[in-house]
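Coordinates from query23.txt are shown below (compact mmCIF, C-alpha atoms).
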# COMPACT_ATOMS: atom_id res chain seq x y z
CA MET A 1 97.77 106.17 18.80
CA PRO A 2 95.71 109.06 20.17
CA ASP A 3 98.40 109.65 22.83
CA SER A 4 101.27 109.93 20.40
CA THR A 5 99.25 112.16 18.11
CA ALA A 6 98.46 114.43 21.04
CA ILE A 7 102.13 114.63 22.01
CA ALA A 8 103.20 115.27 18.44
CA HIS A 9 100.54 117.90 18.09
CA GLY A 10 101.54 119.57 21.35
CA ALA A 11 105.18 119.52 20.39
CA HIS A 12 104.37 121.17 17.10
CA GLU A 13 102.36 123.91 18.75
CA THR A 14 104.82 124.83 21.48
CA GLY A 15 107.91 124.27 19.42
CA SER A 16 111.18 124.18 21.35
CA ASN A 17 109.65 125.32 24.64
CA THR A 18 108.20 121.93 25.70
CA HIS A 19 110.89 121.44 28.34
CA ASP A 20 109.90 124.58 30.17
CA GLU A 21 106.43 123.22 30.88
CA HIS A 22 107.39 120.28 33.04
CA PRO A 23 110.21 119.36 35.46
CA PRO A 24 113.33 118.07 33.69
CA TYR A 25 112.99 114.66 35.39
CA LEU A 26 109.62 113.91 33.79
CA ARG A 27 110.17 111.29 31.08
CA HIS A 28 108.22 111.94 27.91
CA HIS A 29 106.33 108.64 27.97
CA PHE A 30 104.55 109.73 31.16
CA GLU A 31 101.71 112.21 31.20
CA SER A 32 102.54 113.70 34.59
CA THR A 33 105.05 113.47 37.42
CA GLU A 34 102.34 111.79 39.53
CA GLN A 35 101.91 109.05 36.93
CA GLN A 36 105.68 108.63 36.69
CA ALA A 37 106.02 108.34 40.49
CA ASP A 38 103.11 105.85 40.67
CA ALA A 39 104.64 103.70 37.94
CA ALA A 40 108.02 103.68 39.69
CA GLY A 41 106.42 102.81 43.04
CA PHE A 42 104.39 100.02 41.42
CA ALA A 43 107.54 98.60 39.81
CA MET A 44 109.38 98.74 43.14
CA TRP A 45 106.57 96.79 44.81
CA LEU A 46 106.69 94.17 42.04
CA PHE A 47 110.42 93.78 42.74
CA LEU A 48 109.69 93.44 46.46
CA LEU A 49 107.13 90.70 45.68
CA THR A 50 109.87 88.68 43.95
CA GLU A 51 111.92 89.22 47.11
CA VAL A 52 109.01 87.96 49.22
CA MET A 53 108.93 84.80 47.09
CA PHE A 54 112.72 84.42 47.42
CA PHE A 55 112.79 84.72 51.21
CA GLY A 56 109.46 82.87 51.39
CA GLY A 57 111.17 79.75 50.02
CA LEU A 58 113.77 79.96 52.79
CA PHE A 59 111.10 80.51 55.47
CA THR A 60 109.10 77.52 54.20
CA ALA A 61 112.20 75.29 54.20
CA TYR A 62 112.86 76.42 57.78
CA LEU A 63 109.28 75.60 58.85
CA ILE A 64 109.37 72.10 57.33
CA TYR A 65 112.81 71.16 58.66
CA ARG A 66 111.97 72.54 62.09
CA ASN A 67 108.95 70.21 62.22
CA TRP A 68 111.02 67.23 61.06
CA TYR A 69 114.07 67.75 63.28
CA TYR A 70 112.48 69.65 66.13
CA PRO A 71 114.96 68.70 68.95
CA ALA A 72 117.93 69.58 66.72
CA PHE A 73 116.40 72.96 65.85
CA VAL A 74 115.71 73.73 69.52
CA SER A 75 119.29 72.88 70.56
CA GLY A 76 120.69 74.76 67.57
CA SER A 77 118.60 77.82 68.42
CA HIS A 78 119.91 77.78 71.99
CA GLN A 79 123.35 78.55 70.59
CA LEU A 80 122.13 81.97 69.49
CA ASN A 81 122.50 84.89 71.87
CA VAL A 82 119.16 86.62 72.49
CA VAL A 83 120.90 89.79 73.72
CA TRP A 84 122.76 90.28 70.41
CA GLY A 85 119.60 89.40 68.48
CA THR A 86 117.49 91.91 70.42
CA LEU A 87 120.14 94.62 70.09
CA ASN A 88 120.27 94.05 66.33
CA THR A 89 116.48 94.21 66.09
CA LEU A 90 116.51 97.57 67.90
CA VAL A 91 119.32 98.87 65.65
CA LEU A 92 117.44 97.85 62.51
CA ILE A 93 114.09 99.28 63.67
CA ILE A 94 115.73 102.61 64.50
CA SER A 95 117.46 102.57 61.10
CA SER A 96 114.04 102.09 59.48
CA PHE A 97 112.85 105.15 61.40
CA THR A 98 115.82 107.27 60.29
CA MET A 99 115.19 106.08 56.71
CA ALA A 100 111.52 107.08 56.95
CA MET A 101 112.67 110.49 58.23
CA GLY A 102 115.01 110.70 55.24
CA VAL A 103 112.08 110.16 52.88
CA TRP A 104 110.15 112.90 54.66
CA CYS A 105 113.14 115.29 54.43
CA ALA A 106 113.40 114.56 50.68
CA GLU A 107 109.67 115.12 50.17
CA THR A 108 109.73 118.43 52.03
CA GLY A 109 112.96 119.67 50.45
CA ARG A 110 115.25 119.50 53.51
CA ARG A 111 118.71 118.82 52.10
CA ARG A 112 120.68 118.78 55.37
CA GLY A 113 118.01 116.68 57.08
CA LEU A 114 118.15 114.20 54.23
CA VAL A 115 121.94 113.89 54.38
CA LEU A 116 121.79 113.46 58.18
CA SER A 117 118.99 110.84 58.01
CA LEU A 118 120.72 108.83 55.31
CA SER A 119 124.03 109.01 57.18
CA LEU A 120 122.42 107.79 60.42
CA THR A 121 120.73 104.98 58.48
CA LEU A 122 124.08 103.99 56.98
CA ILE A 123 125.81 104.03 60.41
CA LEU A 124 123.03 101.92 61.98
CA GLY A 125 123.22 99.51 59.04
CA LEU A 126 126.96 99.13 59.62
CA GLY A 127 126.27 98.65 63.35
CA PHE A 128 123.89 95.81 62.51
CA LEU A 129 126.52 94.11 60.34
CA GLY A 130 129.12 94.62 63.10
CA ILE A 131 126.94 92.85 65.67
CA LYS A 132 126.14 90.13 63.12
CA SER A 133 129.87 89.57 62.55
CA ILE A 134 130.43 89.18 66.32
CA GLU A 135 127.74 86.47 66.26
CA TYR A 136 129.25 84.79 63.19
CA ALA A 137 132.69 84.83 64.88
CA GLU A 138 131.23 82.93 67.86
CA LYS A 139 129.82 80.28 65.49
CA ILE A 140 133.15 79.97 63.68
CA GLU A 141 135.00 79.59 66.99
CA LYS A 142 132.65 76.81 68.14
CA HIS A 143 132.80 75.07 64.74
CA HIS A 144 129.08 75.57 64.19
CA VAL A 145 129.53 76.55 60.56
CA PRO A 146 128.21 73.66 58.40
CA GLY A 147 130.95 71.83 56.52
CA PHE A 148 133.92 69.51 57.07
CA HIS A 149 134.87 71.10 60.39
CA TYR A 150 131.38 71.07 61.90
CA SER A 151 131.46 70.04 65.57
CA LEU A 152 128.66 68.13 67.32
CA GLN A 153 130.19 68.55 70.77
CA SER A 154 127.72 71.17 72.06
CA PHE A 155 124.84 68.83 71.19
CA LEU A 156 126.23 65.39 72.14
CA ASP A 157 127.69 66.73 75.39
CA PRO A 158 125.78 69.93 76.30
CA GLN A 159 127.57 70.26 79.67
CA SER A 160 130.84 70.92 77.84
CA ASP A 161 129.24 74.13 76.52
CA ARG A 162 129.06 75.87 79.92
CA ALA A 163 127.53 79.24 78.99
CA VAL A 164 124.67 77.75 76.97
CA PHE A 165 124.11 74.85 79.39
CA SER A 166 123.74 77.12 82.42
CA GLU A 167 120.91 78.95 80.65
CA TYR A 168 118.99 76.11 78.97
CA HIS A 169 120.04 72.81 80.64
CA ASP A 170 119.70 70.95 77.32
CA LYS A 171 119.72 67.14 77.38
CA PRO A 172 122.23 65.42 75.08
CA LEU A 173 120.88 64.59 71.61
CA MET A 174 121.25 61.15 69.98
CA LEU A 175 123.94 61.14 67.29
CA ASP A 176 121.56 61.14 64.29
CA MET A 177 119.49 64.01 65.73
CA ALA A 178 122.65 65.92 66.74
CA ARG A 179 123.79 65.72 63.10
CA HIS A 180 120.62 67.54 62.05
CA THR A 181 121.73 70.63 63.97
CA GLU A 182 123.84 71.19 60.86
CA VAL A 183 120.57 71.68 58.95
CA TYR A 184 119.58 74.35 61.47
CA PHE A 185 122.88 76.19 61.05
CA SER A 186 122.76 75.81 57.25
CA LEU A 187 119.41 77.59 57.26
CA TYR A 188 120.65 80.07 59.88
CA PHE A 189 123.62 81.10 57.74
CA LEU A 190 121.61 81.02 54.51
CA MET A 191 118.81 83.22 55.87
CA THR A 192 120.89 85.67 57.93
CA GLY A 193 123.54 85.66 55.19
CA MET A 194 121.06 86.58 52.44
CA HIS A 195 119.62 89.19 54.76
CA ALA A 196 123.11 90.59 55.45
CA LEU A 197 123.82 90.64 51.71
CA HIS A 198 120.70 92.78 51.24
CA MET A 199 121.99 95.08 54.01
CA ILE A 200 125.42 95.36 52.34
CA ILE A 201 123.80 96.25 48.99
CA GLY A 202 121.56 98.75 50.81
CA ILE A 203 124.53 100.36 52.56
CA GLY A 204 126.27 100.71 49.19
CA ILE A 205 123.24 102.48 47.72
CA LEU A 206 122.97 104.65 50.87
CA GLY A 207 126.57 105.81 50.32
CA PHE A 208 125.72 106.71 46.73
CA MET A 209 122.58 108.60 47.82
CA ILE A 210 124.44 110.56 50.54
CA PHE A 211 127.00 111.58 47.92
CA ARG A 212 124.23 112.72 45.55
CA ALA A 213 122.10 114.33 48.28
CA ARG A 214 125.02 116.47 49.43
CA ALA A 215 125.12 117.85 45.89
CA GLY A 216 121.43 118.75 46.19
CA ALA A 217 119.74 115.77 44.57
CA TYR A 218 116.31 114.42 45.66
CA THR A 219 115.24 117.58 47.51
CA SER A 220 113.89 119.58 44.58
CA GLY A 221 110.83 117.48 43.80
CA HIS A 222 112.24 114.30 42.27
CA VAL A 223 112.16 112.02 45.31
CA THR A 224 111.37 108.68 43.61
CA PHE A 225 114.82 107.17 44.17
CA VAL A 226 114.83 107.92 47.91
CA GLU A 227 111.23 106.73 48.32
CA ASN A 228 111.85 103.44 46.51
CA PHE A 229 115.09 102.85 48.39
CA GLY A 230 113.08 103.45 51.58
CA LEU A 231 110.70 100.66 50.52
CA TYR A 232 113.69 98.35 50.02
CA TRP A 233 115.22 99.22 53.40
CA HIS A 234 111.91 98.72 55.25
CA PHE A 235 111.42 95.40 53.46
CA VAL A 236 114.84 94.22 54.72
CA ASP A 237 113.74 95.34 58.21
CA ILE A 238 110.57 93.21 57.93
CA ILE A 239 112.59 90.14 56.90
CA TRP A 240 114.72 90.61 60.03
CA ILE A 241 111.64 90.99 62.27
CA TYR A 242 110.60 87.48 61.15
CA LEU A 243 114.13 86.04 61.26
CA PHE A 244 114.51 87.29 64.83
CA ALA A 245 111.26 85.59 65.89
CA LEU A 246 111.93 82.31 64.04
CA LEU A 247 115.64 81.83 64.69
CA TYR A 248 116.09 83.37 68.15
CA LEU A 249 112.80 83.42 70.02
CA ILE A 250 110.41 80.56 69.31
CA SER A 251 112.65 77.69 70.47
CA ARG A 252 113.72 78.97 73.86
CA HIS A 253 111.63 76.39 75.76
CA MET B 1 113.57 129.96 48.91
CA SER B 2 111.06 130.45 46.09
CA GLU B 3 111.35 126.73 45.31
CA GLN B 4 110.28 125.89 48.85
CA ILE B 5 107.21 128.08 48.59
CA GLU B 6 106.26 126.59 45.24
CA LEU B 7 106.62 123.11 46.69
CA GLY B 8 104.36 124.07 49.59
CA GLU B 9 101.64 125.36 47.28
CA HIS B 10 101.98 122.22 45.21
CA GLN B 11 101.37 120.07 48.29
CA HIS B 12 98.37 122.10 49.30
CA HIS B 13 96.87 121.59 45.89
CA ASP B 14 97.58 117.85 46.03
CA GLU B 15 95.78 117.35 49.31
CA GLN B 16 92.50 118.08 47.55
CA ASP B 17 93.27 115.55 44.85
CA GLU B 18 92.20 112.00 45.75
CA ASP B 19 95.04 110.11 44.14
CA ALA B 20 97.70 112.64 45.04
CA HIS B 21 100.99 111.91 46.76
CA HIS B 22 100.51 111.95 50.52
CA ILE B 23 103.43 113.01 52.70
CA VAL B 24 103.67 111.17 56.01
CA GLY B 25 105.16 113.34 58.73
CA PRO B 26 107.61 112.77 61.62
CA GLY B 27 104.78 112.55 64.19
CA VAL B 28 103.45 109.34 62.63
CA TYR B 29 106.97 107.95 62.27
CA VAL B 30 107.79 108.57 65.95
CA ILE B 31 104.57 106.83 67.07
CA ILE B 32 105.32 103.83 64.83
CA LEU B 33 108.94 103.73 66.07
CA ILE B 34 107.72 103.60 69.69
CA ALA B 35 105.15 100.90 68.81
CA LEU B 36 107.88 98.82 67.13
CA LEU B 37 110.22 99.20 70.13
CA VAL B 38 107.43 98.19 72.50
CA GLY B 39 106.60 95.22 70.25
CA THR B 40 110.24 94.11 70.34
CA ALA B 41 110.35 94.37 74.15
CA LEU B 42 107.07 92.41 74.39
CA THR B 43 108.18 89.59 72.12
CA VAL B 44 111.53 89.18 73.92
CA TRP B 45 109.75 89.22 77.30
CA ALA B 46 107.21 86.63 76.09
CA SER B 47 110.03 84.35 74.90
CA PHE B 48 111.30 84.08 78.51
CA ILE B 49 107.96 82.61 79.66
CA ASP B 50 107.18 78.96 78.94
CA LEU B 51 103.84 78.98 77.13
CA GLY B 52 104.28 75.63 75.39
CA PRO B 53 102.83 75.67 71.87
CA TRP B 54 101.78 79.30 72.30
CA ASN B 55 105.36 80.65 72.27
CA PRO B 56 105.73 80.46 68.45
CA VAL B 57 102.16 81.69 67.95
CA ILE B 58 102.73 84.78 70.10
CA ALA B 59 106.17 85.49 68.59
CA LEU B 60 104.77 85.29 65.05
CA ALA B 61 101.66 87.33 65.96
CA ILE B 62 103.83 90.14 67.36
CA ALA B 63 106.20 89.92 64.37
CA THR B 64 103.23 90.17 61.98
CA THR B 65 101.84 93.17 63.89
CA LYS B 66 105.22 94.90 63.64
CA ALA B 67 105.52 94.05 59.94
CA THR B 68 102.01 95.40 59.31
CA LEU B 69 102.90 98.70 61.00
CA VAL B 70 106.04 98.99 58.88
CA VAL B 71 104.14 98.23 55.65
CA LEU B 72 101.22 100.58 56.39
CA PHE B 73 103.13 103.60 57.73
CA PHE B 74 106.89 103.43 57.00
CA MET B 75 106.13 102.08 53.52
CA HIS B 76 103.12 104.41 53.10
CA VAL B 77 100.75 101.67 51.90
CA LYS B 78 97.93 103.14 54.01
CA TYR B 79 98.19 106.37 52.00
CA SER B 80 99.00 104.85 48.62
CA THR B 81 97.01 104.15 45.46
CA LYS B 82 94.58 101.25 45.13
CA LEU B 83 97.00 99.67 42.65
CA THR B 84 99.74 99.55 45.29
CA LYS B 85 97.36 98.17 47.91
CA LEU B 86 96.19 95.48 45.50
CA THR B 87 99.81 94.62 44.62
CA VAL B 88 100.80 94.23 48.28
CA GLY B 89 97.66 92.19 49.02
CA ALA B 90 98.29 89.94 46.01
CA GLY B 91 101.86 89.36 47.18
CA ILE B 92 100.82 88.38 50.70
CA PHE B 93 98.02 86.18 49.35
CA THR B 94 100.34 84.38 46.91
CA PHE B 95 102.98 83.86 49.61
CA LEU B 96 100.47 82.42 52.09
CA THR B 97 98.94 80.17 49.40
CA LEU B 98 102.33 78.76 48.43
CA VAL B 99 103.35 78.17 52.05
CA SER B 100 100.10 76.49 53.05
CA LEU B 101 99.98 74.26 49.95
CA THR B 102 103.59 73.21 50.52
CA LEU B 103 102.96 72.50 54.21
CA ALA B 104 99.73 70.62 53.37
CA ASP B 105 101.75 68.39 51.06
CA TYR B 106 104.46 67.67 53.65
CA ILE B 107 102.00 67.09 56.49
CA SER B 108 99.68 64.77 54.53
CA ARG B 109 102.29 62.84 52.54
CA ALA B 110 102.77 60.07 55.11
CA TRP B 111 99.09 59.76 56.05
CA GLY B 112 98.01 56.13 56.21
CA SER B 113 101.52 54.72 55.99
CA TRP B 114 102.13 54.21 59.72
Starting from the file, lay out its structure as structure tokens.
Amino acid sequence: MPDSTAIAHGAHETGSNTHDEHPPYLRHHFESTEQQADAAGFAMWLFLLTEVMFFGGLFTAYLIYRNWYYPAFVSGSHQLNVVWGTLNTLVLIISSFTMAMGVWCAETGRRRGLVLSLSLTLILGLGFLGIKSIEYAEKIEKHHVPGFHYSLQSFLDPQSDRAVFSEYHDKPLMLDMARHTEVYFSLYFLMTGMHALHMIIGIGILGFMIFRARAGAYTSGHVTFVENFGLYWHFVDIIWIYLFALLYLISRH
Amino acid sequence: MSEQIELGEHQHHDEQDEDAHHIVGPGVYVIILIALLVGTALTVWASFIDLGPWNPVIALAIATTKATLVVLFFMHVKYSTKLTKLTVGAGIFTFLTLVSLTLADYISRAWGSW
């Protein structure tokens, strides 16, 4: 109650001039812009924690199945192209950097810098999805998408898959183990697919922010939206850092 | 122009305040970017060497180092309030607890039955 009394009292004293005393973006249930920004940042982190739990379930499933069906997961992993994976990691890390620069531009009131940073982030995000779609196309061509048309050929007869065989010299898997490669690809598509969905949503929001930033938004003190979107974008980057290690790198031998 | 100057004064004032909003500059971001690129090169290079059971350990250690850099600097946690730090720590703690309890269950379930 003391708070509301104070506000009511203040409003009575200053009359209709209350809006001149604070920035227009300060909501009346916050005492200061700092408190408002802290609350928004805290809420964003709580959202990211739910995201950690969401992806955490997928990571845990991957860990358990990899231990159960280890040979299938190794052979499945050998189907992924490390060059594309590395390139995508670089693209995403650089996009995180351009996003961080965007946050700095917003904080220091640089409108053109902000628009440029957000645009570069958007282009790099699209580049990531482009490379991902090249990889998905390879899987579709080889019938490595789980479902009715899934093909075990690369795993029952590795020599028929020349490009992969020349690099890894995999031994043929027994039929029941070869079937478990479908579990690997289910998790591969689930994890990279959910990650890509986050990227697509992020790119949509980036487009919206570029549109607003061009009109002068975010650079006159109210930077919360850009900062919190930055947290989201960096979080998606972190998920990829782990996906890259788990899906592409750890099963190469 | 006057807005820019006001903003600058505002920042100066904030730097003296303990809980104030800290602005991380391009210098820090460039250093972190380079560290992340080097980390990526390292982890790819390490994956080409056969280290047996150490391959996953090294890959995950490098990934965790990279993630920590992103969280501390790109996501400003190093410069943020104690509440944010506690929130991030609680999230990591909860995640690790859930993963290790789940794995403990799966690993120990068949004990004694072979």
Atom CA of A:Ile140 to atom CA of A:Phe189, distance in Å rounded to a single decimal: 11.3 Å
Contact check, chain B to chain A, at most 6 Å, counting only C-alpha atoms, closest pairs as JSON lines:
{"residue": "B:Ser47", "atom": "CA", "partner": "A:Leu249", "partner_atom": "CA", "distance": 5.7}
{"residue": "B:Asn55", "atom": "CA", "partner": "A:Ile250", "partner_atom": "CA", "distance": 5.9}
{"residue": "B:Pro56", "atom": "CA", "partner": "A:Ile250", "partner_atom": "CA", "distance": 4.8}
{"residue": "B:Ala59", "atom": "CA", "partner": "A:Ala245", "partner_atom": "CA", "distance": 5.8}
{"residue": "B:Ala63", "atom": "CA", "partner": "A:Ile241", "partner_atom": "CA", "distance": 5.9}
{"residue": "B:Ala67", "atom": "CA", "partner": "A:Ile238", "partner_atom": "CA", "distance": 5.5}
{"residue": "B:Phe74", "atom": "CA", "partner": "A:Ala100", "partner_atom": "CA", "distance": 5.9}
{"residue": "B:Met75", "atom": "CA", "partner": "A:Leu231", "partner_atom": "CA", "distance": 5.6}
{"residue": "B:Gly91", "atom": "CA", "partner": "A:Leu49", "partner_atom": "CA", "distance": 5.6}
Any chance you could export the current selection's C-alpha atoms as a short mmCIF file (atom, residue, chain, number, x, y, z; two decimals), keeping the file's coordinate frame?
data_model
loop_
_atom_site.label_atom_id
_atom_site.label_comp_id
_atom_site.auth_asym_id
_atom_site.auth_seq_id
_atom_site.Cartn_x
_atom_site.Cartn_y
_atom_site.Cartn_z
CA SER B 47 110.03 84.35 74.90
CA ASN B 55 105.36 80.65 72.27
CA PRO B 56 105.73 80.46 68.45
CA ALA B 59 106.17 85.49 68.59
CA ALA B 63 106.20 89.92 64.37
CA ALA B 67 105.52 94.05 59.94
CA PHE B 74 106.89 103.43 57.00
CA MET B 75 106.13 102.08 53.52
CA GLY B 91 101.86 89.36 47.18
#
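As for atom CA of B:Leu103 and atom CA of B:Val71, they are spaced 25.8 Å apart.
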task: Have a look at atom CA of A:Lys171 and atom CA of A:Trp84 and let me know their distance in Å, one decimal.
output: 24.4 Å
Radius query 12 Å about (130.9, 65.8, 65.6), atoms used: all atoms listed in the file, as a ChimeraX atom specification: /A:142-157,173-182
Using the file's own x, y and z axes, what box holds all listed atoms of stretch 81-98 of chain B with 3 Å on each side, keeping edges along x, y and z, and what are its centre and edge lengths in Å to one decimal, as AutoDock Vina command-line options?
--center_x 98.8 --center_y 91.5 --center_z 47.4 --size_x 14.4 --size_y 31.4 --size_z 15.4
message: Show me, as a PyMOL selection string, the residues that have an atom within 9 Å of A:Ala213 when counting all atoms listed in the file, minus same-chain residues fewer than 6 positions from it.
response: chain A and resi 111-112+114-115+219
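Considering only C-alpha atoms, the residue among B:Ile31, B:Leu72, B:Ile62, B:Leu51 positioned nearest to B:Val88 is B:Leu72.
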task: Anything within 7 Å of (117.2, 84.3, 55.3): list those residues as a PyMOL selection string, counting only C-alpha atoms and sticking to the file's coordinates.
output: chain A and resi 55+58+190-195+243
If you keep C-alpha atoms, can you produce a file of those selected residues as a PDB file, in the coordinates of the input?
ATOM      1  CA  PHE A  55     112.790  84.720  51.210  1.00  0.00           C
ATOM      2  CA  LEU A  58     113.770  79.960  52.790  1.00  0.00           C
ATOM      3  CA  LEU A 190     121.610  81.020  54.510  1.00  0.00           C
ATOM      4  CA  MET A 191     118.810  83.220  55.870  1.00  0.00           C
ATOM      5  CA  THR A 192     120.890  85.670  57.930  1.00  0.00           C
ATOM      6  CA  GLY A 193     123.540  85.660  55.190  1.00  0.00           C
ATOM      7  CA  MET A 194     121.060  86.580  52.440  1.00  0.00           C
ATOM      8  CA  HIS A 195     119.620  89.190  54.760  1.00  0.00           C
ATOM      9  CA  LEU A 243     114.130  86.040  61.260  1.00  0.00           C
TER      10      LEU A 243
END
